[in-house]
>>> print(open('coords-v3.txt').read())   # compact mmCIF, C-alpha atoms
# COMPACT_ATOMS: atom_id res chain seq x y z
CA MET A 23 -14.94 -0.23 7.27
CA THR A 24 -12.56 -0.26 10.24
CA ASP A 25 -12.21 2.72 12.57
CA ILE A 26 -8.68 3.09 13.90
CA THR A 27 -7.93 5.63 16.59
CA GLU A 28 -5.58 3.83 18.97
CA GLY A 29 -2.06 5.22 18.75
CA PHE A 30 -3.13 8.54 17.24
CA ASP A 31 -4.08 11.75 18.98
CA LYS A 32 -7.55 13.14 18.34
CA ALA A 33 -6.23 15.45 15.59
CA HIS A 34 -4.86 12.42 13.69
CA ALA A 35 -7.71 9.93 14.17
CA ILE A 36 -7.67 7.62 11.18
CA ARG A 37 -10.29 5.44 9.53
CA ILE A 38 -9.23 2.61 7.22
CA LYS A 39 -11.68 1.91 4.38
CA ASP A 40 -11.91 0.58 0.84
CA ALA A 41 -11.18 2.98 -1.99
CA ASP A 42 -13.98 3.62 -4.48
CA GLU A 43 -14.82 5.99 -7.32
CA SER A 44 -15.23 8.88 -4.85
CA THR A 45 -11.56 8.55 -3.84
CA VAL A 46 -10.02 8.60 -7.35
CA GLU A 47 -9.03 12.29 -7.33
CA GLU A 48 -7.47 12.06 -3.88
CA LEU A 49 -5.67 8.84 -4.80
CA PHE A 50 -4.32 10.60 -7.89
CA SER A 51 -3.08 13.53 -5.76
CA LEU A 52 -1.51 11.14 -3.25
CA GLU A 53 0.18 9.26 -6.10
CA ARG A 54 1.60 12.46 -7.63
CA GLU A 55 2.92 13.70 -4.29
CA CYS A 56 4.51 10.37 -3.38
CA PHE A 57 5.68 9.12 -6.80
CA GLY A 58 5.98 12.21 -9.03
CA ASP A 59 6.41 11.24 -12.69
CA GLU A 60 5.97 7.55 -11.84
CA ALA A 61 2.47 8.09 -10.40
CA TRP A 62 -0.47 6.15 -11.72
CA SER A 63 -2.86 8.10 -13.93
CA ARG A 64 -6.52 8.60 -13.03
CA GLU A 65 -7.34 5.96 -15.64
CA SER A 66 -4.94 3.48 -14.04
CA ILE A 67 -6.52 4.09 -10.63
CA ARG A 68 -10.02 3.61 -12.06
CA GLY A 69 -8.83 0.47 -13.83
CA ALA A 70 -7.47 -0.91 -10.57
CA LEU A 71 -10.78 -0.23 -8.85
CA ASP A 72 -12.69 -1.95 -11.67
CA ASN A 73 -10.57 -5.10 -11.80
CA ASP A 74 -9.16 -7.63 -9.33
CA SER A 75 -7.42 -4.97 -7.23
CA TYR A 76 -7.95 -4.23 -3.59
CA ILE A 77 -7.18 -0.70 -2.42
CA THR A 78 -7.40 0.35 1.21
CA VAL A 79 -6.99 3.96 2.24
CA ALA A 80 -6.28 5.71 5.53
CA VAL A 81 -8.62 8.66 5.88
CA ARG A 82 -7.94 11.50 8.32
CA ARG A 83 -10.63 13.09 10.42
CA GLY A 84 -12.45 15.38 8.01
CA GLY A 85 -12.21 12.88 5.15
CA ALA A 86 -8.84 13.60 3.50
CA LEU A 87 -6.65 10.67 2.43
CA ALA A 88 -3.31 10.23 4.18
CA ALA A 89 -2.20 6.79 2.90
CA MET A 90 -3.08 3.86 0.64
CA ALA A 91 -2.14 0.26 -0.06
CA CYS A 92 -3.07 -1.64 -3.22
CA ALA A 93 -2.82 -5.28 -4.26
CA VAL A 94 -3.86 -7.37 -7.26
CA ALA A 95 -5.16 -10.86 -6.51
CA VAL A 96 -5.01 -13.86 -8.83
CA ARG A 97 -6.44 -17.04 -7.34
CA ASP A 98 -4.68 -17.66 -4.02
CA GLU A 99 -1.84 -15.15 -4.51
CA ALA A 100 -1.76 -11.37 -4.42
CA GLU A 101 0.92 -8.85 -5.27
CA ILE A 102 1.11 -5.62 -3.33
CA THR A 103 1.56 -3.07 -6.10
CA LYS A 104 1.57 0.24 -4.21
CA VAL A 105 1.98 1.60 -0.72
CA ALA A 106 1.98 5.37 -0.29
CA VAL A 107 1.84 7.73 2.68
CA LEU A 108 1.80 11.51 2.45
CA PRO A 109 5.14 12.88 3.72
CA GLU A 110 3.63 14.65 6.75
CA PHE A 111 2.02 11.39 7.93
CA ARG A 112 5.00 9.05 7.52
CA ARG A 113 6.41 7.09 10.46
CA GLN A 114 3.04 7.17 12.26
CA GLY A 115 1.96 3.62 11.45
CA LEU A 116 -0.45 4.41 8.60
CA ALA A 117 1.21 2.09 6.08
CA ARG A 118 1.05 -0.71 8.67
CA LEU A 119 -2.67 -0.06 9.28
CA ALA A 120 -3.47 0.02 5.56
CA LEU A 121 -1.42 -3.14 4.91
CA ASP A 122 -2.98 -4.99 7.86
CA GLU A 123 -6.48 -4.24 6.57
CA LEU A 124 -5.47 -5.13 3.01
CA SER A 125 -4.02 -8.46 4.24
CA ARG A 126 -7.19 -9.20 6.20
CA ARG A 127 -9.40 -8.55 3.16
CA LEU A 128 -7.18 -10.62 0.88
CA SER A 129 -7.15 -13.51 3.34
CA GLU A 130 -10.96 -13.40 3.51
CA SER A 131 -11.06 -13.66 -0.30
CA GLY A 132 -8.92 -16.83 -0.26
CA VAL A 133 -5.44 -15.40 -0.80
CA LYS A 134 -2.75 -17.53 0.87
CA ARG A 135 0.43 -15.78 -0.27
CA LEU A 136 1.30 -12.08 -0.53
CA LEU A 137 4.16 -10.89 -2.75
CA LEU A 138 5.88 -7.53 -3.14
CA GLU A 139 9.01 -5.93 -4.47
CA VAL A 140 10.92 -3.07 -2.91
CA ARG A 141 14.03 -1.07 -3.76
CA GLU A 142 17.04 -2.58 -2.04
CA GLY A 143 17.94 0.86 -0.63
CA ASN A 144 14.49 1.49 0.86
CA THR A 145 15.43 0.24 4.31
CA ALA A 146 12.42 1.85 6.02
CA ALA A 147 10.01 -0.10 3.79
CA MET A 148 12.01 -3.31 4.11
CA THR A 149 11.96 -2.96 7.91
CA LEU A 150 8.20 -2.39 7.87
CA TYR A 151 7.57 -5.38 5.60
CA GLY A 152 9.84 -7.58 7.73
CA SER A 153 7.93 -6.56 10.86
CA LEU A 154 4.71 -7.59 9.10
CA GLY A 155 6.07 -11.09 8.45
CA PHE A 156 7.42 -10.69 4.91
CA THR A 157 10.68 -12.47 4.08
CA LYS A 158 13.05 -12.07 1.14
CA TYR A 159 12.90 -14.88 -1.39
CA SER A 160 14.75 -13.41 -4.38
CA SER A 161 16.01 -10.25 -6.07
CA ARG A 162 16.10 -8.63 -9.51
CA ARG A 163 19.43 -7.06 -10.38
CA GLY A 164 19.24 -3.54 -11.81
CA TYR A 165 15.43 -3.62 -11.85
CA TYR A 166 14.87 0.04 -10.92
CA ALA A 167 16.12 2.97 -12.97
CA SER A 168 16.79 6.49 -11.75
CA PRO A 169 18.78 5.53 -9.78
CA ARG A 170 19.67 2.03 -10.97
CA GLU A 171 19.00 -0.32 -8.08
CA ASP A 172 18.11 -3.94 -7.36
CA ALA A 173 14.60 -5.01 -6.38
CA VAL A 174 14.16 -7.23 -3.35
CA LEU A 175 11.29 -9.72 -3.73
CA MET A 176 9.46 -10.55 -0.51
CA GLU A 177 6.62 -12.90 0.41
CA LYS A 178 4.29 -13.63 3.30
CA ARG A 179 1.97 -16.58 3.90
CA ILE A 180 -1.43 -15.59 5.28
>>> encode(input="coords-v3.txt", output="structure tokens")
Amino acid sequence: MTDITEGFDKAHAIRIKDADESTVEELFSLERECFGDEAWSRESIRGALDNDSYITVAVRRGGALAAMACAVAVRDEAEITKVAVLPEFRRQGLARLALDELSRRLSESGVKRLLLEVREGNTAAMTLYGSLGFTKYSSRRGYYASPREDAVLMEKRI
């Protein structure tokens, strides 16, 4: 477990840790707040924890979740499947912290390449991913519905 306090005032001290069964309900709440009807179910979250997924969470002082990042690893590649930050904690570096820890753990497990997809119109996420070393390698036209939008495929060698 990594304690992160630099860059946050004492009221927003953050600890980055691995998700586990004790975090399922909070992950579900975070999912619903961030993704609404497209949120993962409790069963999907449990399934991710039980399989080849890695989930890191940013925990606020007092123990409440503020952010998460999830990836599924297969051999030496991993796909980042979710990144979520509660609205009141956005633009404070929590996604970066969770993704940095996730990348570190994946690298330790032998992963060499990280993949992700992002809505073309999500410029904040694309800027974050670019600052973390991800580059665009392809796109999927009309991939997202509601609204219809292209997906940008990005990769990073670790």
>>> residues_around(input="coords-v3.txt", residues="Met176 of chain A", least_positions_apart="3", cutoff="6 Å", atoms="only C-alpha atoms", output="compact mmCIF listing (two decimals) with C-alpha atoms, keeping the file's coordinate frame")
# COMPACT_ATOMS: atom_id res chain seq x y z
CA LEU A 137 4.16 -10.89 -2.75
CA LEU A 138 5.88 -7.53 -3.14
CA PHE A 156 7.42 -10.69 4.91
CA THR A 157 10.68 -12.47 4.08
CA LYS A 158 13.05 -12.07 1.14
CA TYR A 159 12.90 -14.88 -1.39
>>> atom_distance(input="coords-v3.txt", atom1="atom CA of Val133 of chain A", atom2="atom CA of Ala147 of chain A")
22.2 Å
>>> atom_distance(input="coords-v3.txt", atom1="atom CA of Ser168 of chain A", atom2="atom CA of Ser66 of chain A")
22.1 Å
>>> closest_residue(input="coords-v3.txt", among="A:Ile180, A:Ile36, A:Ala106, A:Leu121", to="Trp62 of chain A", atoms="only C-alpha atoms")
A:Ala106
>>> residues_near_point(input="coords-v3.txt", point="(13.7, -6.9, -2.3)", cutoff="12 Å", atoms="all atoms listed in the file", output="JSON list (two decimals) with C-alpha atoms, keeping the file's coordinate frame")
[["chain", "number", "residue", "atom", "x", "y", "z"],
["A", 137, "LEU", "CA", 4.16, -10.89, -2.75],
["A", 138, "LEU", "CA", 5.88, -7.53, -3.14],
["A", 139, "GLU", "CA", 9.01, -5.93, -4.47],
["A", 140, "VAL", "CA", 10.92, -3.07, -2.91],
["A", 141, "ARG", "CA", 14.03, -1.07, -3.76],
["A", 142, "GLU", "CA", 17.04, -2.58, -2.04],
["A", 143, "GLY", "CA", 17.94, 0.86, -0.63],
["A", 144, "ASN", "CA", 14.49, 1.49, 0.86],
["A", 145, "THR", "CA", 15.43, 0.24, 4.31],
["A", 147, "ALA", "CA", 10.01, -0.10, 3.79],
["A", 148, "MET", "CA", 12.01, -3.31, 4.11],
["A", 149, "THR", "CA", 11.96, -2.96, 7.91],
["A", 151, "TYR", "CA", 7.57, -5.38, 5.60],
["A", 152, "GLY", "CA", 9.84, -7.58, 7.73],
["A", 156, "PHE", "CA", 7.42, -10.69, 4.91],
["A", 157, "THR", "CA", 10.68, -12.47, 4.08],
["A", 158, "LYS", "CA", 13.05, -12.07, 1.14],
["A", 159, "TYR", "CA", 12.90, -14.88, -1.39],
["A", 160, "SER", "CA", 14.75, -13.41, -4.38],
["A", 161, "SER", "CA", 16.01, -10.25, -6.07],
["A", 162, "ARG", "CA", 16.10, -8.63, -9.51],
["A", 163, "ARG", "CA", 19.43, -7.06, -10.38],
["A", 164, "GLY", "CA", 19.24, -3.54, -11.81],
["A", 165, "TYR", "CA", 15.43, -3.62, -11.85],
["A", 166, "TYR", "CA", 14.87, 0.04, -10.92],
["A", 171, "GLU", "CA", 19.00, -0.32, -8.08],
["A", 172, "ASP", "CA", 18.11, -3.94, -7.36],
["A", 173, "ALA", "CA", 14.60, -5.01, -6.38],
["A", 174, "VAL", "CA", 14.16, -7.23, -3.35],
["A", 175, "LEU", "CA", 11.29, -9.72, -3.73],
["A", 176, "MET", "CA", 9.46, -10.55, -0.51],
["A", 177, "GLU", "CA", 6.62, -12.90, 0.41]]
>>> residues_around(input="coords-v3.txt", residues="segment 44-50 of chain A", least_positions_apart="3", cutoff="7 Å", atoms="only C-alpha atoms", output="number ranges by chain")
A: 41, 53-54, 63-64, 67-68, 87
>>> write_last_selection(input="coords-v3.txt", atoms="C-alpha atoms", output="CSV table (one decimal), in the frame of the given file")
chain,number,residue,atom,x,y,z
A,41,ALA,CA,-11.2,3.0,-2.0
A,53,GLU,CA,0.2,9.3,-6.1
A,54,ARG,CA,1.6,12.5,-7.6
A,63,SER,CA,-2.9,8.1,-13.9
A,64,ARG,CA,-6.5,8.6,-13.0
A,67,ILE,CA,-6.5,4.1,-10.6
A,68,ARG,CA,-10.0,3.6,-12.1
A,87,LEU,CA,-6.6,10.7,2.4
>>> residues_around(input="coords-v3.txt", residues="Glu101 of chain A", least_positions_apart="2", cutoff="7 Å", atoms="only C-alpha atoms", output="PyMOL selection string")
chain A and resi 93-95+99+103+136-138
>>> write_last_selection(input="coords-v3.txt", atoms="C-alpha atoms", output="tab-separated table (two decimals), in the coordinates of the input")
chain	number	residue	atom	x	y	z
A	93	ALA	CA	-2.82	-5.28	-4.26
A	94	VAL	CA	-3.86	-7.37	-7.26
A	95	ALA	CA	-5.16	-10.86	-6.51
A	99	GLU	CA	-1.84	-15.15	-4.51
A	103	THR	CA	1.56	-3.07	-6.10
A	136	LEU	CA	1.30	-12.08	-0.53
A	137	LEU	CA	4.16	-10.89	-2.75
A	138	LEU	CA	5.88	-7.53	-3.14
>>> atom_distance(input="coords-v3.txt", atom1="atom CA of Lys134 of chain A", atom2="atom CA of Asp98 of chain A")
5.3 Å
>>> residues_near_point(input="coords-v3.txt", point="(-3.5, -12.4, 4.8)", cutoff="10 Å", atoms="all atoms listed in the file", output="JSON list (two decimals) with C-alpha atoms, keeping the file's coordinate frame")
[["chain", "number", "residue", "atom", "x", "y", "z"],
["A", 99, "GLU", "CA", -1.84, -15.15, -4.51],
["A", 100, "ALA", "CA", -1.76, -11.37, -4.42],
["A", 121, "LEU", "CA", -1.42, -3.14, 4.91],
["A", 122, "ASP", "CA", -2.98, -4.99, 7.86],
["A", 123, "GLU", "CA", -6.48, -4.24, 6.57],
["A", 124, "LEU", "CA", -5.47, -5.13, 3.01],
["A", 125, "SER", "CA", -4.02, -8.46, 4.24],
["A", 126, "ARG", "CA", -7.19, -9.20, 6.20],
["A", 127, "ARG", "CA", -9.40, -8.55, 3.16],
["A", 128, "LEU", "CA", -7.18, -10.62, 0.88],
["A", 129, "SER", "CA", -7.15, -13.51, 3.34],
["A", 130, "GLU", "CA", -10.96, -13.40, 3.51],
["A", 131, "SER", "CA", -11.06, -13.66, -0.30],
["A", 132, "GLY", "CA", -8.92, -16.83, -0.26],
["A", 133, "VAL", "CA", -5.44, -15.40, -0.80],
["A", 134, "LYS", "CA", -2.75, -17.53, 0.87],
["A", 135, "ARG", "CA", 0.43, -15.78, -0.27],
["A", 136, "LEU", "CA", 1.30, -12.08, -0.53],
["A", 178, "LYS", "CA", 4.29, -13.63, 3.30],
["A", 179, "ARG", "CA", 1.97, -16.58, 3.90],
["A", 180, "ILE", "CA", -1.43, -15.59, 5.28]]
>>> residues_around(input="coords-v3.txt", residues="Glu55 of chain A", least_positions_apart="3", cutoff="12 Å", atoms="only C-alpha atoms", output="list in words")
Glu48, Leu49, Phe50, Ser51, Leu52, Gly58, Asp59, Glu60, Ala61, Trp62, Ala88, Ala89, Ala106, Val107, Leu108, Pro109 and Glu110 of chain A
>>> residues_around(input="coords-v3.txt", residues="Asp42 of chain A", least_positions_apart="6", cutoff="12 Å", atoms="only C-alpha atoms", output="ChimeraX atom specification")
/A:48-49,67-73,75-79
>>> axis_aligned_box(input="coords-v3.txt", around="segment 124-141 of chain A", padding_each_side="8 Å", output="AutoDock Vina command-line options")
--center_x 1.5 --center_y -9.3 --center_z 0.9 --size_x 41.1 --size_y 32.5 --size_z 26.7
